[in-house]
Amino acid sequence: MNRLQKSVLTALCLAGSLLLASCSSSPSEEEMKALNDLKAEVSALESKVATMQRDKAGLEKQIAEKNGKLQQCQSDQEAVKKGLAK
Amino acid sequence: MMKNRITYLRVLLVIALVALALGTLIAQEKMTKDQWQADMAAAGAKRTDLNAQLTKLTADMTALKTQSDKLDADLRACEDALYAMLGVTRAEVEAFDKELGDMESRVGELQRMSDAELLNHRDEIERMNTRLGEMSKSKIAMIPRYGQRVQSLHEKVTALMGSISKEKSYTVGTWARNRDCLWNIARKKDIYANPWMWPKIWQGNRDKIKDPDVIKPKWVLKIPEGKELSKSEKAAANSYYRKKASAPEGN
């Protein structure tokens, strides 16, 4: 075997082993599907959390308004009491 | 022969190198098992965190809804007690509120009108003024938020009344002394300074002037604002001119 043949064989062996190594360390299709499913679930949960946070903020605003109305009503009651007492 | 073999081997060498390069590239693009495991762990942790957030948010929402329902009940009870003190029903208060709201929007529209336009709504403004006087004496107006609204609206209507009463007037003199007729009155510098505006005085005083050729001394005529005749005033003038043209001479 001359020098050239040796070097070609070496290169082929190297390329083959690298290709084999890269193929053998990748996740399987099932594993990739599991990862994608998990990511989709996370995305749906993020969206649900964002919606609930908006709903919560809206409800808090409504409560603040109702509190204001209740205070106003109580103050109206006091004023009417005074007015009727005159 | 030897030369061909060398060429063949060189080609094989190039192919091997290309295969090596491609293999490396593919390996770089593909996810490794380690990366997959790291991604799975990160996504799993995020899911756990989001589920915890969701549980907390659900509990918060339930508590807030309970609080909101309680506030509704408290507010209703407070209002019922307030109305009972005054001896009025909720329906009466709601009707009062609606009437006030309608008047507020109407007054807003009237406030955007010119004084001349307002004159056409004199009756409406006067009616509102009277009604607001009645409303201010209503028991419901004892509730400060309604009392304040009625007062504020009354002030606005009073201002509108002021705009209407800014209208000029003219007291008719005698023909012998003042040569007063609608034409001559309209011609006066402090009236319209334009005799052709006489139909405006006529139409603005239809309650008094039945025949524009006849005005009586001591009548106080309203002098409507404006520098031009409106369509209806022009139509009235044209009708008058036609009537005069068709009447037998001497009339």
# chains A, B, ... in the order shown; residues from 1 in each chain; ligands from 1
>>> residues_around(residues="Leu160 in chain B", least_positions_apart="3", cutoff="10 Å", atoms="only C-alpha atoms", output="list in words")
Val107, Leu110, Gln111, Met113, Asp115, Leu118, Leu119, Arg122, Ile125, Glu126, Asn129, His154, Glu155, Lys156, Val157, Ser163, Ile164 and Ser165 of chain B
>>> residues_around(residues="Met61 in chain B", least_positions_apart="3", cutoff="12 Å", atoms="only C-alpha atoms", output="number ranges by chain")
A: 51-60, 63; B: 54-58, 64-68
>>> atom_distance(atom1="CA of Arg179 in chain B", atom2="CA of Ile223 in chain B")
17.8 Å
>>> closest_residue(among="A:Glu29, A:Val80, A:Ala44, A:Asp37", to="chain B", atoms="only C-alpha atoms")
A:Val80
>>> residues_around(residues="Glu41 in chain A", least_positions_apart="3", cutoff="12 Å", atoms="only C-alpha atoms", output="number ranges by chain")
A: 34-38, 44-48; B: 43-44, 46-48, 50-51
>>> atom_distance(atom1="CA of Thr171 in chain B", atom2="CA of Ile209 in chain B")
13.4 Å
>>> closest_residue(among="B:Ser105, B:Gln53, B:Thr7, B:Asn120", to="chain A", atoms="only C-alpha atoms")
B:Gln53
>>> atom_distance(atom1="CA of Trp175 in chain B", atom2="CA of Lys210 in chain B")
18.0 Å
>>> residues_around(residues="Gly173 in chain B", least_positions_apart="4", cutoff="7 Å", atoms="only C-alpha atoms", output="short mmCIF file (atom, residue, chain, number, x, y, z; two decimals) with C-alpha atoms, in the first residue's frame")
data_model
loop_
_atom_site.label_atom_id
_atom_site.label_comp_id
_atom_site.auth_asym_id
_atom_site.auth_seq_id
_atom_site.Cartn_x
_atom_site.Cartn_y
_atom_site.Cartn_z
CA ASN B 178 -89.69 108.72 13.69
CA ASP B 180 -90.59 103.94 11.78
CA PRO B 217 -95.90 102.69 18.33
CA LYS B 218 -94.49 101.48 21.65
#
>>> closest_residue(among="B:Ala45, B:Met142, B:Val172, B:Ile191", to="chain A", atoms="only C-alpha atoms")
B:Met142
>>> closest_residue(among="A:Lys82, A:Lys61, A:Lys66, A:Lys6", to="chain B", atoms="only C-alpha atoms")
A:Lys66
>>> closest_residue(among="B:Val220, B:Gly147, B:Gly133, B:Ala247", to="Asp97 in chain B", atoms="only C-alpha atoms")
B:Gly147
>>> residues_around(residues="range 73-77 of chain A", least_positions_apart="3", cutoff="7 Å", atoms="only C-alpha atoms", output="count of residues only")
9
>>> residues_around(residues="Glu94 in chain B", least_positions_apart="4", cutoff="12 Å", atoms="only C-alpha atoms", output="PyMOL selection string")
chain B and resi 79+83+88-90+98-101+140+146
>>> decode(residues="range 46-86 of chain A", atoms="N, CA and C atoms", output="PDB file, in the first residue's frame")
ATOM      1  N   GLU A  46     -48.525  29.715  29.445  1.00  0.00           N
ATOM      2  CA  GLU A  46     -48.124  31.138  29.485  1.00  0.00           C
ATOM      3  C   GLU A  46     -49.297  32.020  29.068  1.00  0.00           C
ATOM      4  N   SER A  47     -49.968  31.575  28.006  1.00  0.00           N
ATOM      5  CA  SER A  47     -51.098  32.361  27.505  1.00  0.00           C
ATOM      6  C   SER A  47     -52.235  32.396  28.532  1.00  0.00           C
ATOM      7  N   LYS A  48     -52.481  31.263  29.182  1.00  0.00           N
ATOM      8  CA  LYS A  48     -53.548  31.177  30.189  1.00  0.00           C
ATOM      9  C   LYS A  48     -53.225  32.082  31.391  1.00  0.00           C
ATOM     10  N   VAL A  49     -51.954  32.054  31.787  1.00  0.00           N
ATOM     11  CA  VAL A  49     -51.531  32.887  32.927  1.00  0.00           C
ATOM     12  C   VAL A  49     -51.707  34.372  32.583  1.00  0.00           C
ATOM     13  N   ALA A  50     -51.321  34.745  31.345  1.00  0.00           N
ATOM     14  CA  ALA A  50     -51.446  36.154  30.926  1.00  0.00           C
ATOM     15  C   ALA A  50     -52.909  36.578  30.942  1.00  0.00           C
ATOM     16  N   THR A  51     -53.808  35.712  30.443  1.00  0.00           N
ATOM     17  CA  THR A  51     -55.245  36.030  30.438  1.00  0.00           C
ATOM     18  C   THR A  51     -55.758  36.212  31.867  1.00  0.00           C
ATOM     19  N   MET A  52     -55.358  35.292  32.729  1.00  0.00           N
ATOM     20  CA  MET A  52     -55.841  35.375  34.115  1.00  0.00           C
ATOM     21  C   MET A  52     -55.301  36.616  34.819  1.00  0.00           C
ATOM     22  N   GLN A  53     -54.079  37.000  34.469  1.00  0.00           N
ATOM     23  CA  GLN A  53     -53.510  38.216  35.088  1.00  0.00           C
ATOM     24  C   GLN A  53     -54.310  39.441  34.650  1.00  0.00           C
ATOM     25  N   ARG A  54     -54.709  39.447  33.358  1.00  0.00           N
ATOM     26  CA  ARG A  54     -55.523  40.583  32.859  1.00  0.00           C
ATOM     27  C   ARG A  54     -56.878  40.596  33.566  1.00  0.00           C
ATOM     28  N   ASP A  55     -57.496  39.409  33.677  1.00  0.00           N
ATOM     29  CA  ASP A  55     -58.795  39.314  34.351  1.00  0.00           C
ATOM     30  C   ASP A  55     -58.692  39.799  35.793  1.00  0.00           C
ATOM     31  N   LYS A  56     -57.606  39.414  36.418  1.00  0.00           N
ATOM     32  CA  LYS A  56     -57.421  39.787  37.820  1.00  0.00           C
ATOM     33  C   LYS A  56     -57.303  41.318  37.945  1.00  0.00           C
ATOM     34  N   ALA A  57     -56.521  41.905  37.027  1.00  0.00           N
ATOM     35  CA  ALA A  57     -56.348  43.366  37.058  1.00  0.00           C
ATOM     36  C   ALA A  57     -57.694  44.066  36.851  1.00  0.00           C
ATOM     37  N   GLY A  58     -58.519  43.519  35.931  1.00  0.00           N
ATOM     38  CA  GLY A  58     -59.845  44.097  35.669  1.00  0.00           C
ATOM     39  C   GLY A  58     -60.735  44.010  36.892  1.00  0.00           C
ATOM     40  N   LEU A  59     -60.689  42.866  37.544  1.00  0.00           N
ATOM     41  CA  LEU A  59     -61.515  42.663  38.741  1.00  0.00           C
ATOM     42  C   LEU A  59     -61.061  43.589  39.874  1.00  0.00           C
ATOM     43  N   GLU A  60     -59.757  43.773  39.987  1.00  0.00           N
ATOM     44  CA  GLU A  60     -59.229  44.670  41.027  1.00  0.00           C
ATOM     45  C   GLU A  60     -59.699  46.099  40.779  1.00  0.00           C
ATOM     46  N   LYS A  61     -59.727  46.482  39.495  1.00  0.00           N
ATOM     47  CA  LYS A  61     -60.192  47.832  39.143  1.00  0.00           C
ATOM     48  C   LYS A  61     -61.670  47.993  39.510  1.00  0.00           C
ATOM     49  N   GLN A  62     -62.451  46.952  39.167  1.00  0.00           N
ATOM     50  CA  GLN A  62     -63.893  46.991  39.485  1.00  0.00           C
ATOM     51  C   GLN A  62     -64.107  47.127  40.992  1.00  0.00           C
ATOM     52  N   ILE A  63     -63.314  46.383  41.748  1.00  0.00           N
ATOM     53  CA  ILE A  63     -63.449  46.416  43.211  1.00  0.00           C
ATOM     54  C   ILE A  63     -63.112  47.811  43.735  1.00  0.00           C
ATOM     55  N   ALA A  64     -62.069  48.406  43.170  1.00  0.00           N
ATOM     56  CA  ALA A  64     -61.690  49.765  43.599  1.00  0.00           C
ATOM     57  C   ALA A  64     -62.832  50.740  43.319  1.00  0.00           C
ATOM     58  N   GLU A  65     -63.464  50.592  42.159  1.00  0.00           N
ATOM     59  CA  GLU A  65     -64.593  51.474  41.809  1.00  0.00           C
ATOM     60  C   GLU A  65     -65.771  51.261  42.764  1.00  0.00           C
ATOM     61  N   LYS A  66     -66.051  49.991  43.056  1.00  0.00           N
ATOM     62  CA  LYS A  66     -67.163  49.682  43.959  1.00  0.00           C
ATOM     63  C   LYS A  66     -66.884  50.223  45.358  1.00  0.00           C
ATOM     64  N   ASN A  67     -65.627  50.115  45.770  1.00  0.00           N
ATOM     65  CA  ASN A  67     -65.257  50.678  47.080  1.00  0.00           C
ATOM     66  C   ASN A  67     -65.506  52.177  47.108  1.00  0.00           C
ATOM     67  N   GLY A  68     -65.149  52.833  46.009  1.00  0.00           N
ATOM     68  CA  GLY A  68     -65.363  54.280  45.898  1.00  0.00           C
ATOM     69  C   GLY A  68     -66.843  54.614  45.978  1.00  0.00           C
ATOM     70  N   LYS A  69     -67.677  53.821  45.269  1.00  0.00           N
ATOM     71  CA  LYS A  69     -69.122  54.062  45.281  1.00  0.00           C
ATOM     72  C   LYS A  69     -69.702  53.860  46.677  1.00  0.00           C
ATOM     73  N   LEU A  70     -69.203  52.814  47.357  1.00  0.00           N
ATOM     74  CA  LEU A  70     -69.707  52.526  48.704  1.00  0.00           C
ATOM     75  C   LEU A  70     -69.362  53.676  49.649  1.00  0.00           C
ATOM     76  N   GLN A  71     -68.133  54.166  49.538  1.00  0.00           N
ATOM     77  CA  GLN A  71     -67.728  55.295  50.388  1.00  0.00           C
ATOM     78  C   GLN A  71     -68.586  56.519  50.085  1.00  0.00           C
ATOM     79  N   GLN A  72     -68.848  56.731  48.789  1.00  0.00           N
ATOM     80  CA  GLN A  72     -69.670  57.867  48.362  1.00  0.00           C
ATOM     81  C   GLN A  72     -71.077  57.742  48.954  1.00  0.00           C
ATOM     82  N   CYS A  73     -71.620  56.513  48.892  1.00  0.00           N
ATOM     83  CA  CYS A  73     -72.966  56.276  49.413  1.00  0.00           C
ATOM     84  C   CYS A  73     -73.003  56.538  50.921  1.00  0.00           C
ATOM     85  N   GLN A  74     -71.967  56.070  51.613  1.00  0.00           N
ATOM     86  CA  GLN A  74     -71.930  56.285  53.065  1.00  0.00           C
ATOM     87  C   GLN A  74     -71.844  57.770  53.387  1.00  0.00           C
ATOM     88  N   SER A  75     -71.064  58.480  52.587  1.00  0.00           N
ATOM     89  CA  SER A  75     -70.940  59.927  52.837  1.00  0.00           C
ATOM     90  C   SER A  75     -72.251  60.636  52.476  1.00  0.00           C
ATOM     91  N   ASP A  76     -72.948  60.144  51.433  1.00  0.00           N
ATOM     92  CA  ASP A  76     -74.273  60.687  51.075  1.00  0.00           C
ATOM     93  C   ASP A  76     -75.260  60.474  52.218  1.00  0.00           C
ATOM     94  N   GLN A  77     -75.195  59.289  52.822  1.00  0.00           N
ATOM     95  CA  GLN A  77     -76.097  58.988  53.946  1.00  0.00           C
ATOM     96  C   GLN A  77     -75.910  60.005  55.077  1.00  0.00           C
ATOM     97  N   GLU A  78     -74.652  60.278  55.376  1.00  0.00           N
ATOM     98  CA  GLU A  78     -74.345  61.236  56.449  1.00  0.00           C
ATOM     99  C   GLU A  78     -74.913  62.619  56.111  1.00  0.00           C
ATOM    100  N   ALA A  79     -74.675  63.030  54.840  1.00  0.00           N
ATOM    101  CA  ALA A  79     -75.139  64.353  54.413  1.00  0.00           C
ATOM    102  C   ALA A  79     -76.661  64.435  54.463  1.00  0.00           C
ATOM    103  N   VAL A  80     -77.337  63.363  54.040  1.00  0.00           N
ATOM    104  CA  VAL A  80     -78.818  63.367  54.054  1.00  0.00           C
ATOM    105  C   VAL A  80     -79.323  63.408  55.490  1.00  0.00           C
ATOM    106  N   LYS A  81     -78.667  62.627  56.361  1.00  0.00           N
ATOM    107  CA  LYS A  81     -79.061  62.646  57.777  1.00  0.00           C
ATOM    108  C   LYS A  81     -79.001  64.070  58.312  1.00  0.00           C
ATOM    109  N   LYS A  82     -77.884  64.748  58.018  1.00  0.00           N
ATOM    110  CA  LYS A  82     -77.710  66.134  58.492  1.00  0.00           C
ATOM    111  C   LYS A  82     -78.781  67.032  57.896  1.00  0.00           C
ATOM    112  N   GLY A  83     -79.033  66.848  56.597  1.00  0.00           N
ATOM    113  CA  GLY A  83     -80.031  67.667  55.906  1.00  0.00           C
ATOM    114  C   GLY A  83     -81.414  67.480  56.482  1.00  0.00           C
ATOM    115  N   LEU A  84     -81.764  66.242  56.811  1.00  0.00           N
ATOM    116  CA  LEU A  84     -83.097  65.957  57.351  1.00  0.00           C
ATOM    117  C   LEU A  84     -83.227  66.449  58.794  1.00  0.00           C
ATOM    118  N   ALA A  85     -82.097  66.493  59.480  1.00  0.00           N
ATOM    119  CA  ALA A  85     -82.130  66.940  60.880  1.00  0.00           C
ATOM    120  C   ALA A  85     -82.357  68.438  60.986  1.00  0.00           C
ATOM    121  N   LYS A  86     -82.086  69.168  59.921  1.00  0.00           N
ATOM    122  CA  LYS A  86     -82.225  70.643  59.965  1.00  0.00           C
ATOM    123  C   LYS A  86     -83.678  71.067  60.109  1.00  0.00           C
TER     124      LYS A  86
END
